[in-house]
$ cat data.tsv   # TSV, C-alpha atoms
chain	number	residue	atom	x	y	z
W	1	MET	CA	101.43	66.05	103.61
W	2	GLY	CA	99.62	65.90	100.29
W	3	PHE	CA	96.37	67.25	101.70
W	4	LEU	CA	97.85	70.70	102.41
W	5	SER	CA	98.10	73.42	99.76
W	6	LYS	CA	101.41	74.19	98.07
W	7	ASN	CA	101.23	77.77	99.32
W	8	ILE	CA	100.87	76.87	103.00
W	9	CYS	CA	103.69	74.35	102.71
W	10	GLN	CA	106.02	77.19	101.65
W	11	VAL	CA	105.26	79.26	104.74
W	12	GLU	CA	107.60	79.12	107.73
W	13	PRO	CA	106.29	79.44	111.30
W	14	SER	CA	106.89	82.83	112.91
W	15	SER	CA	110.35	82.93	114.50
W	16	THR	CA	109.23	85.50	117.04
W	17	LEU	CA	106.42	83.19	118.15
W	18	ALA	CA	108.94	80.33	118.31
W	19	VAL	CA	111.08	82.39	120.68
W	20	ALA	CA	108.00	83.05	122.81
W	21	GLN	CA	107.38	79.30	122.98
W	22	GLY	CA	110.97	78.76	124.12
W	23	VAL	CA	110.49	81.37	126.82
W	24	ARG	CA	107.32	79.69	128.06
W	25	ARG	CA	109.06	76.29	128.09
W	26	LEU	CA	111.90	77.49	130.30
W	27	ARG	CA	109.57	79.39	132.60
W	28	GLY	CA	107.49	76.22	132.88
W	29	LEU	CA	110.63	74.49	134.15
W	30	GLY	CA	111.04	77.14	136.81
W	31	ARG	CA	113.83	79.06	135.03
W	32	GLU	CA	114.04	82.83	135.21
W	33	VAL	CA	113.87	84.27	131.69
W	34	ILE	CA	114.41	87.84	130.48
W	35	ASP	CA	112.57	88.17	127.19
W	36	LEU	CA	114.22	90.54	124.68
W	37	GLY	CA	112.34	88.94	121.81
W	38	VAL	CA	108.88	90.38	122.28
W	39	GLY	CA	107.87	93.17	119.93
W	40	GLU	CA	105.47	95.11	122.11
W	41	PRO	CA	105.71	98.00	124.57
W	42	ASP	CA	105.94	97.00	128.22
W	43	PHE	CA	103.69	99.80	129.46
W	44	GLY	CA	99.92	99.42	129.71
W	45	THR	CA	97.15	100.70	127.48
W	46	PRO	CA	96.30	104.28	128.55
W	47	GLU	CA	93.54	104.44	131.17
W	48	ASN	CA	91.28	106.69	129.08
W	49	VAL	CA	91.43	104.17	126.24
W	50	LYS	CA	90.47	101.31	128.55
W	51	GLN	CA	87.60	103.37	129.96
W	52	ALA	CA	86.36	104.09	126.44
W	53	ALA	CA	86.17	100.35	125.81
W	54	ILE	CA	84.30	99.76	129.07
W	55	LYS	CA	81.88	102.57	128.19
W	56	ALA	CA	81.25	101.00	124.77
W	57	ILE	CA	80.44	97.66	126.40
W	58	ARG	CA	78.07	99.26	128.88
W	59	GLU	CA	76.32	101.14	126.08
W	60	GLY	CA	75.80	97.91	124.17
W	61	LYS	CA	78.17	98.72	121.30
W	62	THR	CA	78.94	95.04	120.93
W	63	ARG	CA	76.98	94.06	117.83
W	64	TYR	CA	77.89	93.79	114.14
W	65	VAL	CA	79.16	97.03	112.61
W	66	GLU	CA	80.39	98.18	109.19
W	67	VAL	CA	82.90	95.78	107.60
W	68	ASN	CA	85.46	98.50	106.80
W	69	GLY	CA	85.29	100.13	110.25
W	70	ILE	CA	82.88	102.29	112.21
W	71	PRO	CA	82.45	105.84	110.80
W	72	GLU	CA	83.78	107.41	114.01
W	73	LEU	CA	87.06	105.52	113.77
W	74	LYS	CA	87.46	106.16	110.06
W	75	SER	CA	86.92	109.87	110.75
W	76	ALA	CA	89.60	109.76	113.47
W	77	ILE	CA	91.99	108.06	111.04
W	78	VAL	CA	91.29	110.65	108.33
W	79	SER	CA	92.11	113.39	110.85
W	80	LYS	CA	95.23	111.57	111.99
W	81	PHE	CA	96.60	111.29	108.46
W	82	LYS	CA	95.83	114.95	107.72
W	83	GLU	CA	97.16	116.43	110.95
W	84	GLN	CA	100.19	114.22	111.53
W	85	ASN	CA	101.22	113.23	107.99
W	86	ASP	CA	99.76	115.92	105.74
W	87	ILE	CA	97.93	113.28	103.66
W	88	GLU	CA	94.29	113.91	102.76
W	89	TYR	CA	92.18	110.77	102.56
W	90	GLN	CA	88.42	110.43	102.30
W	91	ALA	CA	86.55	107.97	104.53
W	92	SER	CA	86.04	105.79	101.43
W	93	GLU	CA	89.83	105.47	101.18
W	94	ILE	CA	90.19	104.01	104.69
W	95	ILE	CA	89.77	100.45	105.95
W	96	VAL	CA	90.11	99.17	109.51
W	97	SER	CA	91.20	95.56	110.02
W	98	SER	CA	92.03	93.12	112.82
W	99	GLY	CA	95.62	94.26	113.15
W	100	CYS	CA	98.20	95.38	110.58
W	101	LYS	CA	98.86	91.78	109.56
W	102	GLN	CA	95.33	91.56	108.20
W	103	VAL	CA	95.77	94.87	106.38
W	104	LEU	CA	98.88	93.49	104.67
W	105	PHE	CA	97.21	90.17	103.90
W	106	ASN	CA	94.10	91.86	102.47
W	107	ALA	CA	96.16	94.18	100.27
W	108	LEU	CA	98.35	91.44	98.82
W	109	MET	CA	95.54	88.90	98.53
W	110	ALA	CA	93.46	91.44	96.63
W	111	THR	CA	96.21	92.29	94.13
W	112	ILE	CA	98.68	89.42	93.67
W	113	ASN	CA	98.36	86.96	90.81
W	114	PRO	CA	100.49	83.79	90.70
W	115	GLY	CA	104.10	84.71	89.97
W	116	ASP	CA	103.79	88.43	90.74
W	117	GLU	CA	106.88	89.75	92.49
W	118	VAL	CA	107.02	91.78	95.70
W	119	LEU	CA	110.23	93.65	96.52
W	120	ILE	CA	111.36	93.35	100.14
W	121	PRO	CA	114.54	95.09	101.39
W	122	VAL	CA	116.72	93.00	103.71
W	123	PRO	CA	116.48	92.83	106.70
W	124	TYR	CA	112.71	92.59	106.87
W	125	TRP	CA	109.93	91.83	109.31
W	126	VAL	CA	109.50	88.07	109.40
W	127	THR	CA	105.90	88.08	108.14
W	128	TYR	CA	106.37	90.02	104.88
W	129	PRO	CA	107.73	87.18	102.70
W	130	GLU	CA	105.41	84.61	104.27
W	131	ILE	CA	102.28	86.58	103.35
W	132	VAL	CA	103.61	87.04	99.82
W	133	ARG	CA	104.14	83.29	99.46
W	134	LEU	CA	100.78	82.51	101.02
W	135	VAL	CA	98.90	84.54	98.40
W	136	GLY	CA	100.88	83.04	95.51
W	137	GLY	CA	103.41	85.80	94.98
W	138	VAL	CA	107.21	85.68	94.81
W	139	PRO	CA	109.22	87.61	97.41
W	140	VAL	CA	112.26	89.29	95.81
W	141	PHE	CA	114.83	90.37	98.37
W	142	ILE	CA	116.94	93.50	97.96
W	143	ASP	CA	120.18	93.23	99.90
W	144	THR	CA	121.23	96.37	101.76
W	145	ASN	CA	124.54	97.50	103.18
W	146	PRO	CA	125.04	97.77	106.97
W	147	ALA	CA	127.31	100.76	106.29
W	148	ASP	CA	124.26	102.52	104.80
W	149	GLY	CA	122.13	101.71	107.83
W	150	PHE	CA	120.45	98.79	106.03
W	151	LYS	CA	118.59	101.25	103.79
W	152	VAL	CA	117.91	100.47	100.14
W	153	ASN	CA	119.21	103.05	97.67
W	154	PRO	CA	117.67	104.09	94.31
W	155	ASN	CA	120.13	102.05	92.21
W	156	GLU	CA	119.42	98.88	94.19
W	157	LEU	CA	115.69	99.46	93.84
W	158	GLU	CA	115.94	100.15	90.10
W	159	ASN	CA	117.95	96.99	89.50
W	160	ALA	CA	115.41	94.85	91.35
W	161	ILE	CA	112.34	95.94	89.37
W	162	THR	CA	111.11	93.66	86.59
W	163	MET	CA	107.92	93.49	84.54
W	164	ARG	CA	106.58	91.05	87.16
W	165	THR	CA	107.07	93.47	90.05
W	166	LYS	CA	103.77	94.40	91.70
W	167	TRP	CA	104.72	95.96	95.03
W	168	LEU	CA	107.59	97.41	97.04
W	169	ILE	CA	107.16	96.85	100.78
W	170	PHE	CA	108.66	99.86	102.54
W	171	ASN	CA	109.14	99.91	106.33
W	172	SER	CA	110.45	102.97	108.15
W	173	PRO	CA	111.24	102.94	111.04
W	174	SER	CA	112.36	99.40	110.41
W	175	ASN	CA	111.73	96.20	112.24
W	176	PRO	CA	114.33	94.77	112.89
W	177	SER	CA	117.10	97.25	112.10
W	178	GLY	CA	115.69	100.47	113.55
W	179	SER	CA	116.76	102.36	110.42
W	180	VAL	CA	114.73	105.42	109.40
W	181	TYR	CA	114.59	107.06	105.98
W	182	THR	CA	114.82	110.83	105.57
W	183	ALA	CA	112.32	112.67	103.40
W	184	SER	CA	115.04	113.14	100.79
W	185	GLU	CA	115.86	109.42	100.74
W	186	ILE	CA	112.18	108.55	100.37
W	187	ARG	CA	111.78	111.01	97.50
W	188	SER	CA	114.71	109.42	95.65
W	189	LEU	CA	113.11	105.99	95.95
W	190	MET	CA	109.68	107.25	94.88
W	191	GLU	CA	111.23	108.85	91.80
W	192	VAL	CA	112.31	105.35	90.79
W	193	ILE	CA	108.81	103.96	91.44
W	194	ALA	CA	107.28	106.80	89.41
W	195	ARG	CA	109.18	105.57	86.33
W	196	HIS	CA	107.52	102.15	86.62
W	197	PRO	CA	103.72	102.59	86.48
W	198	HIS	CA	103.03	98.93	87.26
W	199	VAL	CA	104.73	99.07	90.68
W	200	TRP	CA	102.88	100.07	93.86
W	201	VAL	CA	104.23	100.91	97.33
W	202	LEU	CA	103.03	99.41	100.59
W	203	SER	CA	104.36	101.64	103.36
W	204	ASP	CA	104.31	100.05	106.82
W	205	ASP	CA	104.43	102.97	109.27
W	206	ILE	CA	103.58	101.12	112.48
W	207	TYR	CA	106.69	102.45	114.29
W	208	GLU	CA	106.04	106.02	113.18
W	209	HIS	CA	106.07	107.48	116.70
W	210	PHE	CA	109.33	105.79	117.72
W	211	VAL	CA	111.98	108.09	116.23
W	212	TYR	CA	114.79	109.67	118.22
W	213	ASP	CA	117.44	112.38	118.31
W	214	GLY	CA	115.24	115.01	116.68
W	215	PHE	CA	114.58	112.88	113.59
W	216	ALA	CA	111.49	113.93	111.61
W	217	PHE	CA	109.34	111.01	110.47
W	218	SER	CA	108.21	111.01	106.82
W	219	THR	CA	106.10	108.60	104.79
W	220	PRO	CA	105.98	108.11	100.98
W	221	ALA	CA	102.45	109.44	100.36
W	222	GLN	CA	103.40	112.58	102.25
W	223	VAL	CA	106.73	113.14	100.50
W	224	PHE	CA	105.66	112.26	96.95
W	225	GLN	CA	101.97	113.11	96.72
W	226	ASP	CA	101.92	112.76	92.93
W	227	LEU	CA	102.30	109.02	93.53
W	228	ARG	CA	99.52	108.84	96.11
W	229	HIS	CA	97.30	106.79	93.76
W	230	ARG	CA	99.86	103.95	93.94
W	231	ILE	CA	100.68	104.03	97.66
W	232	LEU	CA	98.99	102.17	100.50
W	233	THR	CA	99.87	103.72	103.88
W	234	VAL	CA	99.54	101.20	106.72
W	235	ASN	CA	99.44	101.96	110.43
W	236	GLY	CA	97.71	100.91	113.65
W	237	VAL	CA	97.32	101.53	117.36
W	238	SER	CA	99.23	98.53	118.68
W	239	LYS	CA	102.68	100.05	119.25
W	240	ALA	CA	102.18	103.75	120.00
W	241	TYR	CA	99.23	103.15	122.32
W	242	ALA	CA	100.32	99.78	123.79
W	243	MET	CA	97.25	98.09	122.28
W	244	THR	CA	98.86	95.00	120.75
W	245	GLY	CA	96.12	92.69	121.99
W	246	TRP	CA	93.26	94.91	120.83
W	247	ARG	CA	94.01	94.04	117.18
W	248	ILE	CA	93.31	97.26	115.31
W	249	GLY	CA	95.23	98.11	112.16
W	250	TYR	CA	94.23	100.50	109.40
W	251	CYS	CA	95.36	101.93	106.10
W	252	GLY	CA	94.68	104.69	103.60
W	253	GLY	CA	94.90	104.20	99.86
W	254	PRO	CA	93.16	104.39	96.49
W	255	GLU	CA	89.43	103.74	96.76
W	256	PRO	CA	89.29	100.83	94.26
W	257	LEU	CA	91.92	98.93	96.27
W	258	ILE	CA	90.20	99.73	99.58
W	259	LYS	CA	86.89	98.44	98.18
W	260	ALA	CA	88.54	95.20	97.05
W	261	MET	CA	90.14	94.75	100.46
W	262	GLY	CA	86.73	95.31	102.04
W	263	VAL	CA	85.15	92.62	99.89
W	264	LEU	CA	87.85	90.18	100.98
W	265	GLN	CA	87.54	91.16	104.63
W	266	GLY	CA	83.77	90.79	104.49
W	267	HIS	CA	84.12	87.15	103.52
W	268	ALA	CA	87.07	86.43	105.85
W	269	THR	CA	86.61	87.98	109.29
W	270	SER	CA	84.05	90.74	108.69
W	271	HIS	CA	84.74	93.85	110.79
W	272	PRO	CA	87.36	94.03	113.56
W	273	CYS	CA	86.17	93.92	117.17
W	274	SER	CA	83.60	96.68	117.75
W	275	VAL	CA	84.77	97.40	121.31
W	276	SER	CA	88.40	97.67	120.19
W	277	GLN	CA	87.35	100.16	117.53
W	278	TRP	CA	85.75	102.46	120.10
W	279	ALA	CA	88.92	102.23	122.18
W	280	ALA	CA	90.96	103.17	119.08
W	281	VAL	CA	88.73	106.22	118.51
W	282	GLU	CA	89.68	107.45	121.97
W	283	ALA	CA	93.36	106.63	121.41
W	284	LEU	CA	93.56	108.68	118.21
W	285	ASN	CA	91.35	111.60	119.30
W	286	SER	CA	92.65	112.14	122.85
W	287	ASP	CA	95.72	114.01	124.08
W	288	GLN	CA	98.91	112.50	122.59
W	289	GLY	CA	101.30	113.60	125.33
W	290	HIS	CA	101.90	110.05	126.54
W	291	VAL	CA	103.22	109.09	123.10
W	292	GLU	CA	106.08	111.57	123.40
W	293	ARG	CA	106.75	110.57	127.03
W	294	ASN	CA	107.03	106.92	126.01
W	295	ASN	CA	109.28	107.90	123.12
W	296	GLN	CA	111.71	109.52	125.56
W	297	LEU	CA	111.58	106.45	127.78
W	298	PHE	CA	112.58	104.22	124.87
W	299	ARG	CA	115.41	106.57	123.89
W	300	VAL	CA	116.89	106.25	127.38
W	301	ARG	CA	116.68	102.45	127.15
W	302	ARG	CA	118.30	102.47	123.72
W	303	ASP	CA	121.16	104.56	125.05
W	304	MET	CA	121.57	102.08	127.92
W	305	ILE	CA	121.66	98.82	125.95
W	306	VAL	CA	123.69	99.83	122.87
W	307	PRO	CA	126.97	100.52	124.79
W	308	ILE	CA	126.63	97.24	126.70
W	309	ILE	CA	126.22	95.31	123.45
W	310	ASN	CA	129.20	97.04	121.86
W	311	GLN	CA	131.30	96.19	124.93
W	312	SER	CA	130.45	92.49	124.50
W	313	PRO	CA	133.30	90.54	122.82
W	314	GLY	CA	132.39	89.70	119.22
W	315	LEU	CA	129.18	91.78	119.07
W	316	SER	CA	128.59	95.09	117.33
W	317	CYS	CA	125.64	97.31	116.47
W	318	ASP	CA	124.87	100.84	115.33
W	319	VAL	CA	122.68	103.24	117.28
W	320	PRO	CA	119.20	102.82	115.78
W	321	ARG	CA	117.28	106.00	114.97
W	322	GLY	CA	113.83	104.43	115.27
W	323	SER	CA	111.56	101.59	116.46
W	324	PHE	CA	112.54	99.86	119.73
W	325	TYR	CA	114.96	97.25	118.41
W	326	VAL	CA	118.72	96.84	118.19
W	327	TYR	CA	120.00	94.73	115.30
W	328	VAL	CA	123.23	93.12	116.42
W	329	SER	CA	126.00	91.49	114.36
W	330	CYS	CA	127.54	88.38	115.87
W	331	ALA	CA	129.64	87.58	112.77
W	332	GLN	CA	132.85	87.59	114.81
W	333	LEU	CA	131.47	84.82	117.03
W	334	ILE	CA	130.75	82.36	114.23
W	335	GLY	CA	132.83	79.25	114.92
W	336	LYS	CA	133.26	79.99	118.60
W	337	GLY	CA	131.61	77.93	121.29
W	338	LEU	CA	131.14	76.98	124.91
W	339	PRO	CA	133.46	74.72	126.95
W	340	SER	CA	130.85	71.99	126.42
W	341	GLY	CA	131.91	71.90	122.77
W	342	LYS	CA	128.75	73.33	121.23
W	343	ARG	CA	129.66	75.89	118.59
W	344	ILE	CA	127.97	78.87	116.93
W	345	GLY	CA	127.28	78.42	113.22
W	346	THR	CA	124.60	81.10	112.80
W	347	ALA	CA	122.91	83.84	114.79
W	348	ASP	CA	120.09	81.41	115.45
W	349	ASP	CA	122.60	79.10	117.16
W	350	PHE	CA	123.79	82.08	119.21
W	351	ALA	CA	120.21	82.87	120.26
W	352	GLU	CA	119.51	79.25	121.24
W	353	MET	CA	122.73	78.89	123.24
W	354	LEU	CA	122.24	82.26	124.92
W	355	LEU	CA	118.73	81.33	126.05
W	356	GLU	CA	119.79	77.96	127.46
W	357	ALA	CA	122.88	79.34	129.20
W	358	THR	CA	121.57	82.64	130.58
W	359	GLY	CA	117.79	82.72	130.25
W	360	VAL	CA	117.98	85.76	127.94
W	361	ALA	CA	115.78	85.47	124.85
W	362	VAL	CA	116.65	87.23	121.57
W	363	VAL	CA	115.48	86.53	118.00
W	364	GLY	CA	117.97	84.99	115.58
W	365	GLY	CA	118.39	86.74	112.27
W	366	ALA	CA	117.63	84.00	109.73
W	367	ALA	CA	113.95	84.95	109.67
W	368	PHE	CA	114.95	88.59	109.04
W	369	GLY	CA	117.18	87.63	106.13
W	370	HIS	CA	120.57	87.51	107.89
W	371	ARG	CA	122.38	84.50	109.38
W	372	ASP	CA	124.88	86.57	111.36
W	373	HIS	CA	122.60	89.09	113.12
W	374	PHE	CA	120.05	88.89	115.90
W	375	ARG	CA	117.38	91.26	117.17
W	376	ILE	CA	116.98	92.70	120.65
W	377	SER	CA	113.83	94.47	121.78
W	378	TYR	CA	114.49	97.11	124.43
W	379	ALA	CA	110.80	97.50	125.29
W	380	LEU	CA	111.58	96.28	128.77
W	381	ASP	CA	111.95	97.55	132.32
W	382	ASP	CA	115.27	99.41	132.73
W	383	ARG	CA	116.58	97.16	135.47
W	384	LEU	CA	115.82	93.94	133.59
W	385	LEU	CA	117.19	95.38	130.37
W	386	LYS	CA	120.52	96.29	131.96
W	387	ARG	CA	120.72	92.88	133.64
W	388	ALA	CA	120.01	91.12	130.33
W	389	GLY	CA	122.73	93.15	128.62
W	390	GLU	CA	125.22	92.13	131.30
W	391	PHE	CA	124.24	88.47	130.88
W	392	ILE	CA	124.85	88.78	127.13
W	393	ARG	CA	128.25	90.41	127.71
W	394	ASP	CA	129.30	87.70	130.17
W	395	PHE	CA	128.09	84.95	127.83
W	396	CYS	CA	130.19	86.34	124.97
W	397	SER	CA	133.21	86.64	127.26
W	398	ASN	CA	133.04	82.90	127.99
W	399	LEU	CA	133.03	81.80	124.34
W	400	HIS	CA	136.22	80.17	123.04
$ encode --input "data.tsv" --output "structure tokens"
Amino acid sequence: MGFLSKNICQVEPSSTLAVAQGVRRLRGLGREVIDLGVGEPDFGTPENVKQAAIKAIREGKTRYVEVNGIPELKSAIVSKFKEQNDIEYQASEIIVSSGCKQVLFNALMATINPGDEVLIPVPYWVTYPEIVRLVGGVPVFIDTNPADGFKVNPNELENAITMRTKWLIFNSPSNPSGSVYTASEIRSLMEVIARHPHVWVLSDDIYEHFVYDGFAFSTPAQVFQDLRHRILTVNGVSKAYAMTGWRIGYCGGPEPLIKAMGVLQGHATSHPCSVSQWAAVEALNSDQGHVERNNQLFRVRRDMIVPIINQSPGLSCDVPRGSFYVYVSCAQLIGKGLPSGKRIGTADDFAEMLLEATGVAVVGGAAFGHRDHFRISYALDDRLLKRAGEFIRDFCSNLH
């Protein structure tokens, strides 16, 4: 359609939202569906956080507020970064947005010129390359090795950098692979970035609190503080506090960039929801014990689903160290099919056939950068998760 911009015509619809639409369609037909595609915790927002929002409404805190976030929330974020990550930011180096997606969009929109390159390790969250394209940039994908846990190494990073490179998008723990970088691995990557003064790092830490087996989370601005002036550290309350619908993301970074992002936000959406911000203040400032309890719950679920997947003919996956996803290879099933004659050509075909045959929804890997992997979310009730895993195993057993 000639009326639409070239940039929007390059952008693909979200595959995760497409899976959600497929789930709604089958449920509308009366089918039972177990959704392993959704990327949000299944537990509710903590009661004290909900009460803080209700209190804000009753006190009339429902009017326009500061574009970059209310001072109370920015103060809570400054404390969070200092106490949990050992990064010292000033309030002027913080911006609060309507979810992490808006943080990412603001940062790239404020810095990308046509043709600028953004490095994205594969596999990646589906939205990264689409935002880059939308703002006129060029996503440059860095292939990683499954044997290395899908983690980019310094040589791969060095070889990908050109004079057009503007950003590296760094995500640990990873969506979709669940891989987590050690402090030593992060330092090695930042040493490469330090040699290229024109390259900045956007660190997406949204799954920070979902690490297992005694793993210690680290983030680039913490590990390599000499590079702090070229790192944007992104986080939010959606995952750790089960506040996906509240739409509060935030970041810390160099003041000139934060100011530019604020100018953009002021003309786009203005400030994020005032009531949600007061809820986020309570989430960050209150007791964090529930975060650790939920972490242990997810570890148990991970340890339940991974063996079932690895017992399924033709499927294989490693034990993820972070996030709440399992990234599964179905390469051995390519070419196989059902008695009906329909055959698997890609992981997306596998996901479509699995949903139709069993009512189990997973996300095919094409949107993550792989045609022979799919993603499972184990943020689901234990009983349903086990049942879904058994459905997957039986489905694979019936392929010819």
$ closest_residue --input "data.tsv" --among "W:Glu59, W:Glu40, W:Glu352, W:Asp205" --to "Asn85 of chain W" --atoms "all atoms listed in the file"
W:Asp205
$ residues_around --input "data.tsv" --residues "segment 191-194 of chain W" --least-positions-apart "2" --cutoff "8 Å" --atoms "only C-alpha atoms" --output "PyMOL selection string"
chain W and resi 154+157-158+187-189+196-197+199-200+227
$ atom_distance --input "data.tsv" --atom1 "atom CA of Met190 of chain W" --atom2 "atom CA of Ala107 of chain W"
19.6 Å
$ residues_near_point --input "data.tsv" --point "(96.3, 91.1, 112.1)" --cutoff "12 Å" --atoms "all atoms listed in the file" --output "PyMOL selection string"
chain W and resi 96-106+127+131+234-238+244-250+265+269+271-273
$ write_last_selection --input "data.tsv" --atoms "C-alpha atoms" --output "tab-separated table (two decimals), in the frame of the given file"
chain	number	residue	atom	x	y	z
W	96	VAL	CA	90.11	99.17	109.51
W	97	SER	CA	91.20	95.56	110.02
W	98	SER	CA	92.03	93.12	112.82
W	99	GLY	CA	95.62	94.26	113.15
W	100	CYS	CA	98.20	95.38	110.58
W	101	LYS	CA	98.86	91.78	109.56
W	102	GLN	CA	95.33	91.56	108.20
W	103	VAL	CA	95.77	94.87	106.38
W	104	LEU	CA	98.88	93.49	104.67
W	105	PHE	CA	97.21	90.17	103.90
W	106	ASN	CA	94.10	91.86	102.47
W	127	THR	CA	105.90	88.08	108.14
W	131	ILE	CA	102.28	86.58	103.35
W	234	VAL	CA	99.54	101.20	106.72
W	235	ASN	CA	99.44	101.96	110.43
W	236	GLY	CA	97.71	100.91	113.65
W	237	VAL	CA	97.32	101.53	117.36
W	238	SER	CA	99.23	98.53	118.68
W	244	THR	CA	98.86	95.00	120.75
W	245	GLY	CA	96.12	92.69	121.99
W	246	TRP	CA	93.26	94.91	120.83
W	247	ARG	CA	94.01	94.04	117.18
W	248	ILE	CA	93.31	97.26	115.31
W	249	GLY	CA	95.23	98.11	112.16
W	250	TYR	CA	94.23	100.50	109.40
W	265	GLN	CA	87.54	91.16	104.63
W	269	THR	CA	86.61	87.98	109.29
W	271	HIS	CA	84.74	93.85	110.79
W	272	PRO	CA	87.36	94.03	113.56
W	273	CYS	CA	86.17	93.92	117.17
$ closest_residue --input "data.tsv" --among "W:Asn310, W:Ser323, W:Ser340, W:Asn175" --to "Ile392 of chain W" --atoms "all atoms listed in the file"
W:Asn310
$ residues_around --input "data.tsv" --residues "segment 279-287 of chain W" --least-positions-apart "2" --cutoff "8 Å" --atoms "all atoms listed in the file" --output "number ranges by chain"
W: 48-53, 72-73, 76-77, 80, 237, 241, 248, 275-277, 289-290
$ closest_residue --input "data.tsv" --among "W:Phe224, W:Phe81, W:Ala18, W:Leu232" --to "Asp348 of chain W" --atoms "all atoms listed in the file"
W:Ala18
$ closest_residue --input "data.tsv" --among "W:His198, W:Arg302, W:His229, W:Lys74" --to "Trp278 of chain W" --atoms "only C-alpha atoms"
W:Lys74
$ closest_residue --input "data.tsv" --among "W:Glu32, W:Leu333, W:Val38, W:Val118" --to "Val19 of chain W" --atoms "all atoms listed in the file"
W:Val38
$ closest_residue --input "data.tsv" --among "W:Phe391, W:Phe150, W:Tyr89, W:Trp125" --to "Glu255 of chain W" --atoms "only C-alpha atoms"
W:Tyr89
$ residues_around --input "data.tsv" --residues "segment 177-184 of chain W" --least-positions-apart "3" --cutoff "8 Å" --atoms "all atoms listed in the file" --output "PyMOL selection string"
chain W and resi 123+149-151+172-174+187-188+211+216-219+223+320-327+375
$ residues_around --input "data.tsv" --residues "Leu257 of chain W" --least-positions-apart "3" --cutoff "8 Å" --atoms "only C-alpha atoms" --output "CSV table (one decimal) with C-alpha atoms, in the coordinates of the input"
chain,number,residue,atom,x,y,z
W,107,ALA,CA,96.2,94.2,100.3
W,110,ALA,CA,93.5,91.4,96.6
W,253,GLY,CA,94.9,104.2,99.9
W,254,PRO,CA,93.2,104.4,96.5
W,260,ALA,CA,88.5,95.2,97.0
W,261,MET,CA,90.1,94.8,100.5
$ atom_distance --input "data.tsv" --atom1 "atom CA of Pro121 of chain W" --atom2 "atom CA of Phe141 of chain W"
5.6 Å
$ atom_distance --input "data.tsv" --atom1 "atom CA of Arg387 of chain W" --atom2 "atom CA of His400 of chain W"
22.7 Å
$ residues_around --input "data.tsv" --residues "Phe374 of chain W" --least-positions-apart "6" --cutoff "7 Å" --atoms "all atoms listed in the file" --output "VMD selection string"
chain W and resid 327 to 329 347 362 to 365
$ decode --input "data.tsv" --residues "segment 158-195 of chain W" --atoms "C-alpha atoms" --output "compact mmCIF listing (two decimals), in the first residue's frame"
# COMPACT_ATOMS: atom_id res chain seq x y z
CA GLU W 158 34.60 -7.71 17.30
CA ASN W 159 33.99 -9.09 13.83
CA ALA W 160 30.47 -7.64 13.70
CA ILE W 161 31.43 -4.04 14.52
CA THR W 162 31.74 -1.57 11.65
CA MET W 163 31.99 2.21 11.43
CA ARG W 164 28.18 2.26 11.08
CA THR W 165 27.59 0.39 14.34
CA LYS W 166 25.69 2.50 16.87
CA TRP W 167 24.46 0.05 19.51
CA LEU W 168 24.86 -3.47 20.84
CA ILE W 169 21.62 -4.82 22.33
CA PHE W 170 22.57 -7.07 25.24
CA ASN W 171 19.98 -9.26 26.98
CA SER W 172 20.84 -11.38 30.01
CA PRO W 173 18.99 -13.43 31.16
CA SER W 174 17.87 -14.00 27.62
CA ASN W 175 14.47 -14.18 26.06
CA PRO W 176 14.13 -16.73 24.44
CA SER W 177 17.14 -18.90 25.30
CA GLY W 178 17.37 -18.44 29.07
CA SER W 179 21.14 -17.99 28.78
CA VAL W 180 22.88 -15.83 31.39
CA TYR W 181 26.29 -14.17 31.12
CA THR W 182 28.80 -14.31 33.96
CA ALA W 183 30.53 -11.15 35.14
CA SER W 184 33.73 -12.36 33.47
CA GLU W 185 31.96 -12.93 30.14
CA ILE W 186 30.39 -9.47 30.31
CA ARG W 187 33.75 -7.86 31.05
CA SER W 188 35.29 -9.54 28.00
CA LEU W 189 32.53 -8.14 25.78
CA MET W 190 32.78 -4.66 27.29
CA GLU W 191 36.53 -4.65 26.66
CA VAL W 192 35.69 -5.00 22.97
CA ILE W 193 33.14 -2.17 23.16
CA ALA W 194 35.69 0.03 24.95
CA ARG W 195 37.96 -0.17 21.89
